[in-house]
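*Asks:* Structure file start09.txt, compact mmCIF, C-alpha atoms, is pasted below:
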```
# COMPACT_ATOMS: atom_id res chain seq x y z
CA MET A 15 97.00 109.69 102.80
CA PRO A 16 95.20 106.91 100.88
CA LEU A 17 96.56 105.48 97.66
CA SER A 18 95.27 107.19 94.52
CA PRO A 19 93.24 105.20 91.93
CA LEU A 20 96.29 105.27 89.61
CA LEU A 21 98.57 103.74 92.25
CA LEU A 22 95.96 101.14 93.17
CA ALA A 23 95.66 100.20 89.49
CA CYS A 24 99.46 99.96 89.21
CA LEU A 25 99.63 97.71 92.28
CA ALA A 26 96.88 95.51 90.87
CA ALA A 27 98.77 95.23 87.57
CA THR A 28 102.03 94.10 89.20
CA TRP A 29 100.21 91.75 91.58
CA LEU A 30 97.83 90.09 89.11
CA ILE A 31 99.55 90.30 85.73
CA TRP A 32 103.06 89.48 86.88
CA GLY A 33 101.62 86.60 88.87
CA SER A 34 100.52 85.08 85.57
CA THR A 35 103.68 85.80 83.58
CA TYR A 36 105.71 82.99 85.20
CA LEU A 37 103.30 80.51 83.62
CA ALA A 38 103.34 82.42 80.31
CA ILE A 39 107.16 82.37 80.23
CA LYS A 40 107.14 78.59 80.69
CA PHE A 41 104.51 78.17 77.95
CA ALA A 42 106.61 80.27 75.57
CA LEU A 43 109.98 78.59 76.27
CA PRO A 44 109.53 75.61 73.87
CA SER A 45 109.55 77.99 70.88
CA PHE A 46 111.17 81.13 72.32
CA PRO A 47 114.45 80.53 74.24
CA PRO A 48 114.83 82.69 77.38
CA PHE A 49 117.06 85.58 76.23
CA TYR A 50 115.49 85.69 72.76
CA GLN A 51 112.01 85.56 74.33
CA MET A 52 112.71 88.49 76.65
CA GLY A 53 114.62 90.51 74.06
CA SER A 54 112.00 90.14 71.32
CA ARG A 55 109.07 90.92 73.63
CA PHE A 56 110.69 94.10 74.98
CA LEU A 57 111.81 95.18 71.50
CA VAL A 58 108.25 94.95 70.16
CA ALA A 59 106.73 96.53 73.28
CA GLY A 60 109.30 99.34 73.35
CA LEU A 61 108.84 100.16 69.66
CA LEU A 62 105.05 100.18 69.95
CA LEU A 63 105.19 102.50 72.95
CA LEU A 64 107.77 104.79 71.34
CA VAL A 65 105.76 105.16 68.11
CA TRP A 66 102.56 105.82 70.03
CA LEU A 67 104.26 108.51 72.13
CA LYS A 68 105.86 110.19 69.10
CA LEU A 69 102.46 110.32 67.37
CA ARG A 70 101.24 112.20 70.44
CA GLY A 71 104.07 114.71 70.10
CA ARG A 72 106.32 113.54 72.93
CA ALA A 73 110.01 114.40 72.75
CA LEU A 74 112.64 111.69 72.45
CA PRO A 75 114.97 111.12 75.43
CA THR A 76 118.20 113.09 75.67
CA LEU A 77 121.56 111.35 75.31
CA ARG A 78 121.92 111.33 79.10
CA GLU A 79 118.47 109.75 79.47
CA TRP A 80 119.33 107.10 76.84
CA ARG A 81 122.47 106.31 78.86
CA ASN A 82 120.42 105.95 82.02
CA ALA A 83 117.91 103.78 80.16
CA ALA A 84 120.73 101.50 79.04
CA ILE A 85 122.01 101.11 82.61
CA ILE A 86 118.61 100.48 84.20
CA GLY A 87 117.41 98.38 81.26
CA THR A 88 120.44 96.11 81.56
CA LEU A 89 119.96 95.66 85.30
CA LEU A 90 116.18 95.14 85.26
CA LEU A 91 115.55 93.46 81.92
CA VAL A 92 118.77 91.66 80.99
CA SER A 93 120.18 90.51 84.31
CA GLY A 94 116.83 90.60 86.12
CA MET A 95 114.14 89.21 83.81
CA GLY A 96 116.44 87.51 81.29
CA PHE A 97 118.26 85.49 83.93
CA THR A 98 114.97 84.65 85.64
CA ALA A 99 113.66 83.16 82.39
CA TYR A 100 116.95 81.29 81.95
CA SER A 101 116.72 79.83 85.47
CA GLU A 102 113.19 78.54 84.84
CA GLN A 103 114.70 75.89 82.56
CA THR A 104 116.47 74.11 85.43
CA VAL A 105 115.17 75.51 88.74
CA ALA A 106 111.90 74.36 90.32
CA SER A 107 109.24 77.08 90.31
CA GLY A 108 108.85 76.89 94.09
CA LEU A 109 112.51 77.74 94.61
CA ILE A 110 112.33 80.64 92.13
CA VAL A 111 109.34 82.04 94.03
CA ALA A 112 111.22 81.76 97.33
CA TYR A 113 114.21 83.61 95.87
CA ILE A 114 112.11 86.39 94.36
CA ALA A 115 110.21 86.90 97.64
CA ILE A 116 113.44 88.14 99.22
CA ILE A 117 113.67 91.07 96.77
CA PRO A 118 111.83 93.61 99.01
CA ILE A 119 114.33 92.95 101.77
CA ILE A 120 117.29 93.29 99.37
CA VAL A 121 115.83 96.54 97.98
CA THR A 122 115.35 97.89 101.49
CA ALA A 123 118.95 97.05 102.41
CA MET A 124 120.27 98.72 99.23
CA ASN A 125 118.26 101.85 100.04
CA LEU A 126 119.83 102.26 103.48
CA PRO A 127 123.00 104.03 102.20
CA PHE A 128 120.69 106.64 100.65
CA GLY A 129 119.10 107.35 104.04
CA VAL A 130 115.81 105.62 103.19
CA LYS A 131 114.56 103.42 106.00
CA PRO A 132 111.35 101.35 106.08
CA SER A 133 108.70 102.05 108.67
CA ARG A 134 108.17 99.42 111.34
CA LEU A 135 104.95 98.26 109.68
CA GLU A 136 106.70 97.95 106.31
CA LEU A 137 109.49 95.90 107.85
CA LEU A 138 106.97 93.70 109.64
CA GLY A 139 104.98 93.34 106.42
CA MET A 140 108.09 92.19 104.51
CA LEU A 141 108.91 89.59 107.15
CA VAL A 142 105.33 88.31 107.34
CA GLY A 143 105.06 88.18 103.55
CA LEU A 144 108.35 86.28 103.27
CA ALA A 145 107.20 83.82 105.94
CA GLY A 146 103.99 83.24 103.99
CA VAL A 147 105.86 82.55 100.76
CA LEU A 148 108.16 80.07 102.51
CA MET A 149 105.07 78.36 103.93
CA LEU A 150 103.54 78.21 100.46
CA VAL A 151 106.53 76.49 98.86
CA ARG A 152 107.12 74.16 101.82
CA GLY A 153 107.31 70.55 100.71
CA GLN A 154 107.95 71.30 97.03
CA ALA A 155 110.82 69.54 95.34
CA PHE A 156 113.52 72.20 95.24
CA THR A 157 115.40 70.78 92.28
CA ALA A 158 117.96 73.02 90.64
CA ALA A 159 121.08 72.93 88.49
CA PRO A 160 124.02 75.03 89.76
CA THR A 161 123.86 77.28 86.68
CA GLY A 162 120.17 77.91 87.34
CA LEU A 163 120.84 78.85 90.95
CA VAL A 164 123.58 81.28 89.90
CA ALA A 165 121.22 82.78 87.30
CA ILE A 166 118.32 83.39 89.72
CA THR A 167 120.72 84.83 92.33
CA ILE A 168 122.12 87.29 89.78
CA ALA A 169 118.58 88.09 88.64
CA CYS A 170 117.35 89.00 92.14
CA LEU A 171 120.40 91.13 92.97
CA SER A 172 120.32 92.93 89.60
CA TRP A 173 116.58 93.60 89.76
CA SER A 174 116.94 95.02 93.26
CA LEU A 175 119.91 97.21 92.30
CA GLY A 176 118.15 98.47 89.17
CA SER A 177 115.04 99.32 91.18
CA VAL A 178 117.06 101.36 93.67
CA LEU A 179 119.25 103.15 91.11
CA SER A 180 116.24 104.11 88.98
CA GLN A 181 114.96 106.00 92.04
CA ARG A 182 118.23 107.42 93.32
CA ARG A 183 120.81 107.90 90.56
CA PHE A 184 119.77 107.32 86.94
CA ALA A 185 116.60 109.20 86.09
CA LEU A 186 114.81 108.13 82.93
CA ALA A 187 113.00 110.37 80.46
CA PRO A 188 109.68 111.66 81.84
CA GLY A 189 106.70 109.32 81.89
CA ALA A 190 106.16 106.50 79.43
CA MET A 191 109.00 107.67 77.15
CA GLY A 192 111.41 106.60 79.87
CA PHE A 193 109.85 103.15 79.99
CA ALA A 194 110.00 102.83 76.18
CA SER A 195 113.69 103.78 76.07
CA GLU A 196 114.47 101.36 78.89
CA MET A 197 112.74 98.48 77.11
CA LEU A 198 114.49 99.25 73.82
CA CYS A 199 117.94 99.43 75.41
CA GLY A 200 117.37 96.27 77.40
CA SER A 201 116.04 94.41 74.35
CA VAL A 202 119.16 95.16 72.30
CA VAL A 203 121.43 93.72 75.00
CA LEU A 204 119.15 90.69 75.44
CA LEU A 205 119.14 89.91 71.71
CA LEU A 206 122.93 90.28 71.52
CA LEU A 207 123.23 87.91 74.49
CA SER A 208 120.82 85.50 72.79
CA ALA A 209 122.97 85.47 69.65
CA ALA A 210 126.16 85.08 71.70
CA VAL A 211 124.92 81.92 73.45
CA GLY A 212 123.55 80.49 70.21
CA GLU A 213 119.83 80.52 70.97
CA ALA A 214 117.59 79.53 68.06
CA PRO A 215 113.82 80.13 68.16
CA GLN A 216 111.60 77.37 66.80
CA TRP A 217 109.92 78.19 63.49
CA PRO A 218 107.04 78.05 63.11
CA PRO A 219 106.43 78.51 66.85
CA GLN A 220 103.89 76.43 68.69
CA PRO A 221 100.46 78.14 68.93
CA LEU A 222 100.49 78.16 72.75
CA ALA A 223 104.02 79.60 72.77
CA THR A 224 102.99 82.31 70.30
CA TRP A 225 99.95 83.38 72.30
CA SER A 226 102.03 83.35 75.50
CA TRP A 227 104.65 85.58 73.84
CA ILE A 228 101.95 88.03 72.71
CA TYR A 229 100.48 88.03 76.23
CA LEU A 230 103.91 88.84 77.66
CA ILE A 231 104.26 91.80 75.27
CA VAL A 232 100.83 93.33 75.83
CA PHE A 233 100.29 92.64 79.50
CA GLY A 234 103.66 91.71 81.01
CA SER A 235 105.61 94.50 79.27
CA LEU A 236 103.27 97.31 78.19
CA HIS A 237 101.01 97.17 81.25
CA ALA A 238 102.66 95.56 84.27
CA PHE A 239 106.25 96.71 83.69
CA ASP A 240 105.16 100.29 83.09
CA ALA A 241 103.01 100.08 86.22
CA TYR A 242 106.05 98.96 88.23
CA MET A 243 108.11 101.92 87.02
CA VAL A 244 105.28 104.28 88.02
CA LEU A 245 105.23 102.74 91.50
CA LEU A 246 109.00 103.12 91.85
CA SER A 247 108.65 106.84 91.14
CA ARG A 248 105.80 107.47 93.59
CA VAL A 249 105.79 105.03 96.54
CA SER A 250 108.31 103.32 98.78
CA ALA A 251 110.42 100.56 97.28
CA ALA A 252 108.96 98.09 99.78
CA LEU A 253 105.41 98.69 98.57
CA ALA A 254 106.45 98.77 94.89
CA SER A 255 108.03 95.33 95.26
CA SER A 256 105.10 93.85 97.21
CA TYR A 257 104.19 91.92 94.03
CA THR A 258 106.84 89.37 95.05
CA PHE A 259 104.54 88.23 97.86
CA VAL A 260 101.27 88.32 95.88
CA ASN A 261 102.55 86.61 92.72
CA PRO A 262 102.86 83.15 94.34
CA VAL A 263 99.20 83.33 95.40
CA ILE A 264 98.18 84.25 91.84
CA ALA A 265 100.32 81.40 90.51
CA LEU A 266 98.60 79.09 92.99
CA ALA A 267 95.15 80.19 91.78
CA LEU A 268 96.16 79.72 88.14
CA GLY A 269 97.44 76.26 88.95
CA ILE A 270 94.01 75.35 90.33
CA TRP A 271 92.18 76.92 87.38
CA LEU A 272 94.38 75.91 84.44
CA GLY A 273 96.39 73.02 85.79
CA GLY A 274 93.77 71.13 87.76
CA GLU A 275 95.93 71.30 90.87
CA THR A 276 94.59 70.75 94.37
CA VAL A 277 95.37 73.02 97.31
CA THR A 278 95.74 71.93 100.91
CA GLY A 279 94.47 73.78 103.95
CA PHE A 280 98.07 74.60 104.86
CA GLU A 281 98.57 76.31 101.49
CA TRP A 282 95.40 78.37 102.00
CA ALA A 283 96.78 79.37 105.41
CA ALA A 284 100.03 80.43 103.73
CA ALA A 285 98.05 82.57 101.29
CA ALA A 286 96.33 84.23 104.25
CA VAL A 287 99.71 85.00 105.86
CA ILE A 288 100.96 86.53 102.59
CA THR A 289 97.83 88.67 102.40
CA ALA A 290 98.43 89.88 105.95
CA GLY A 291 101.99 90.85 105.01
CA VAL A 292 100.79 92.86 102.01
CA VAL A 293 98.17 94.62 104.14
CA LEU A 294 100.91 95.64 106.60
CA LEU A 295 103.02 96.95 103.72
CA VAL A 296 100.15 99.08 102.44
CA LEU A 297 99.34 100.39 105.91
CA GLY A 298 102.99 101.14 106.66
CA ARG A 299 103.83 102.71 103.31
CA GLN A 300 105.88 105.89 103.47
CA LYS A 301 106.63 108.40 100.76
CA THR A 302 110.11 107.59 99.53
CA LYS A 303 112.48 110.47 100.22
CA GLY A 304 113.57 112.25 97.07
CA THR A 305 110.83 110.99 94.74
CA PRO A 306 108.32 113.27 93.05
```
Turn the structure described in the file into structure tokens.

*Replies:*
Amino acid sequence: MPLSPLLLACLAATWLIWGSTYLAIKFALPSFPPFYQMGSRFLVAGLLLLVWLKLRGRALPTLREWRNAAIIGTLLLVSGMGFTAYSEQTVASGLIVAYIAIIPIIVTAMNLPFGVKPSRLELLGMLVGLAGVLMLVRGQAFTAAPTGLVAITIACLSWSLGSVLSQRRFALAPGAMGFASEMLCGSVVLLLLSAAVGEAPQWPPQPLATWSWIYLIVFGSLHAFDAYMVLLSRVSAALASSYTFVNPVIALALGIWLGGETVTGFEWAAAAVITAGVVLLVLGRQKTKGTP
């Protein structure tokens, strides 16, 4: 059965928008420290979404759904995205991309105890996509501080665990209200963590940092993150996390466009391998057992 227009749009959002957010996070860091940056963007995005939904007559989450939102929000937003932003201060972008590209394989492994196995094409697609990402970052200076490496390792494991548990154990409120509650819960923990480590945002913020922060709210949070949660509820985890293969190609294109970078023939070949891996994932997608 072919993917619906909604699922295609959600895939496009995670592939294209999240591919640009790594650059936006870096642009915002001079004025918005990592935990404060993530916490403030999800607080604003979550409040905007919650108010919009209430104006449309949607019911607030139950206490159980708020609890689930706190668990998943902490795993995905605090440990996942917050620690990724933290690692970007000391870990080379090529190494971060290589780490994140392993997420589909981690998610697949974590799904095995629940009886969910990837199809052969999905497994092949993950391996081909990972090979393409490793080709793409080949030759980059993999500089990293130990704290940054610990942070990105925690981020990948937490994001994978949160993705699996949101499908299998901790159901959120229906539709966008679940996403809003998750962002609000995650933002509170992120801002508390920011205060605990003594982060201080620059005031007034730099114009580029401000526009990057706004971009992260509107596109990274309200559009792409919501799209990811929709994918988790309707397709296999392997296909939902296929953005980890596409994002490096988007980052490469943005580097050419905005950074004046040059690309070698080998890097174009790596992009082609990544594309082949994503095609295999789409062709081998299977309806995840137990999802609506």

*Asks:* So, with all atoms listed in the file as the atoms that count, which of A:Val232, A:Pro221, A:Gln181, A:Ala169 lies closest to Val249 of chain A?

*Replies:* A:Gln181

*Asks:* Using only C-alpha atoms, what residues lie at most 9 Å away from (109.9, 95.5, 94.3) (file coordinates), given as a VMD selection string?

*Replies:* chain A and resid 117 to 118 121 173 to 174 177 242 246 251 to 258

*Asks:* Those same residues, written as a short mmCIF file (atom, residue, chain, number, x, y, z; two decimals), in the frame of the given file with C-alpha atoms?

*Replies:*
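Generated file (selection-v4.cif):
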```cif
data_model
loop_
_atom_site.label_atom_id
_atom_site.label_comp_id
_atom_site.auth_asym_id
_atom_site.auth_seq_id
_atom_site.Cartn_x
_atom_site.Cartn_y
_atom_site.Cartn_z
CA ILE A 117 113.67 91.07 96.77
CA PRO A 118 111.83 93.61 99.01
CA VAL A 121 115.83 96.54 97.98
CA TRP A 173 116.58 93.60 89.76
CA SER A 174 116.94 95.02 93.26
CA SER A 177 115.04 99.32 91.18
CA TYR A 242 106.05 98.96 88.23
CA LEU A 246 109.00 103.12 91.85
CA ALA A 251 110.42 100.56 97.28
CA ALA A 252 108.96 98.09 99.78
CA LEU A 253 105.41 98.69 98.57
CA ALA A 254 106.45 98.77 94.89
CA SER A 255 108.03 95.33 95.26
CA SER A 256 105.10 93.85 97.21
CA TYR A 257 104.19 91.92 94.03
CA THR A 258 106.84 89.37 95.05
#
```

*Asks:* Mind working out the centre and edge lengths of an axis-aligned box for segment 79-83 of chain A, all listed atoms inside, 5 Å added to each side, rounded to one decimal in Å and written as JSON?

*Replies:*
```
{"center_x": 120.2, "center_y": 106.8, "center_z": 79.4, "size_x": 14.6, "size_y": 16.0, "size_z": 15.2}
```

*Asks:* Of the residues A:Pro219, A:Gly96, A:Pro75, A:Gly87, which is the one nearest to Leu207 of chain A, using all atoms listed in the file?

*Replies:* A:Gly96

*Asks:* For Tyr100 of chain A, which of A:Trp217, A:Trp271, A:Trp66, A:Phe49 is the closest residue, counting all atoms listed in the file?

*Replies:*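 Among A:Trp217, A:Trp271, A:Trp66, A:Phe49, it is A:Phe49 that comes nearest to Tyr100 of chain A.
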
*Asks:* Work out how far atom CA of Ile86 of chain A is from atom CA of Ala194 of chain A, in Å to one decimal.

*Replies:*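 Here the two named atoms are 12.0 Å from each other.
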
*Asks:* Rank A:Val147, A:Ala83, A:Phe128, A:Leu230 by their smallest atom-to-atom distance to Trp282 of chain A, using only C-alpha atoms, and report the top residue only.

*Replies:*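 Counting only C-alpha atoms, the residue closest to Trp282 of chain A is A:Val147.
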
*Asks:* What lies within 8 Å of Leu63 of chain A using all atoms listed in the file, ignoring chain neighbours under 6 positions off, as a PyMOL selection string?

*Replies:* chain A and resi 190-191+194+236

*Asks:* One number please: atom CA of Leu144 of chain A to atom CA of Phe280 of chain A, in Å, one decimal.

*Replies:*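 It comes out at 15.6 Å.
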
*Asks:* Can you pull out every residue within 10 Å of Tyr50 of chain A, counting only C-alpha atoms, but drop anything in the same chain fewer than 6 positions away, and send it as a ChimeraX atom specification?

*Replies:* /A:43,56,96,201,204-209,212-215

*Asks:* Determine the nearest neighbour of Glu196 of chain A from the options A:Ile85, A:Leu22, A:Ala285, A:Val65, counting all atoms listed in the file.

*Replies:*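 Distance minimum relative to Glu196 of chain A lands on A:Ile85.
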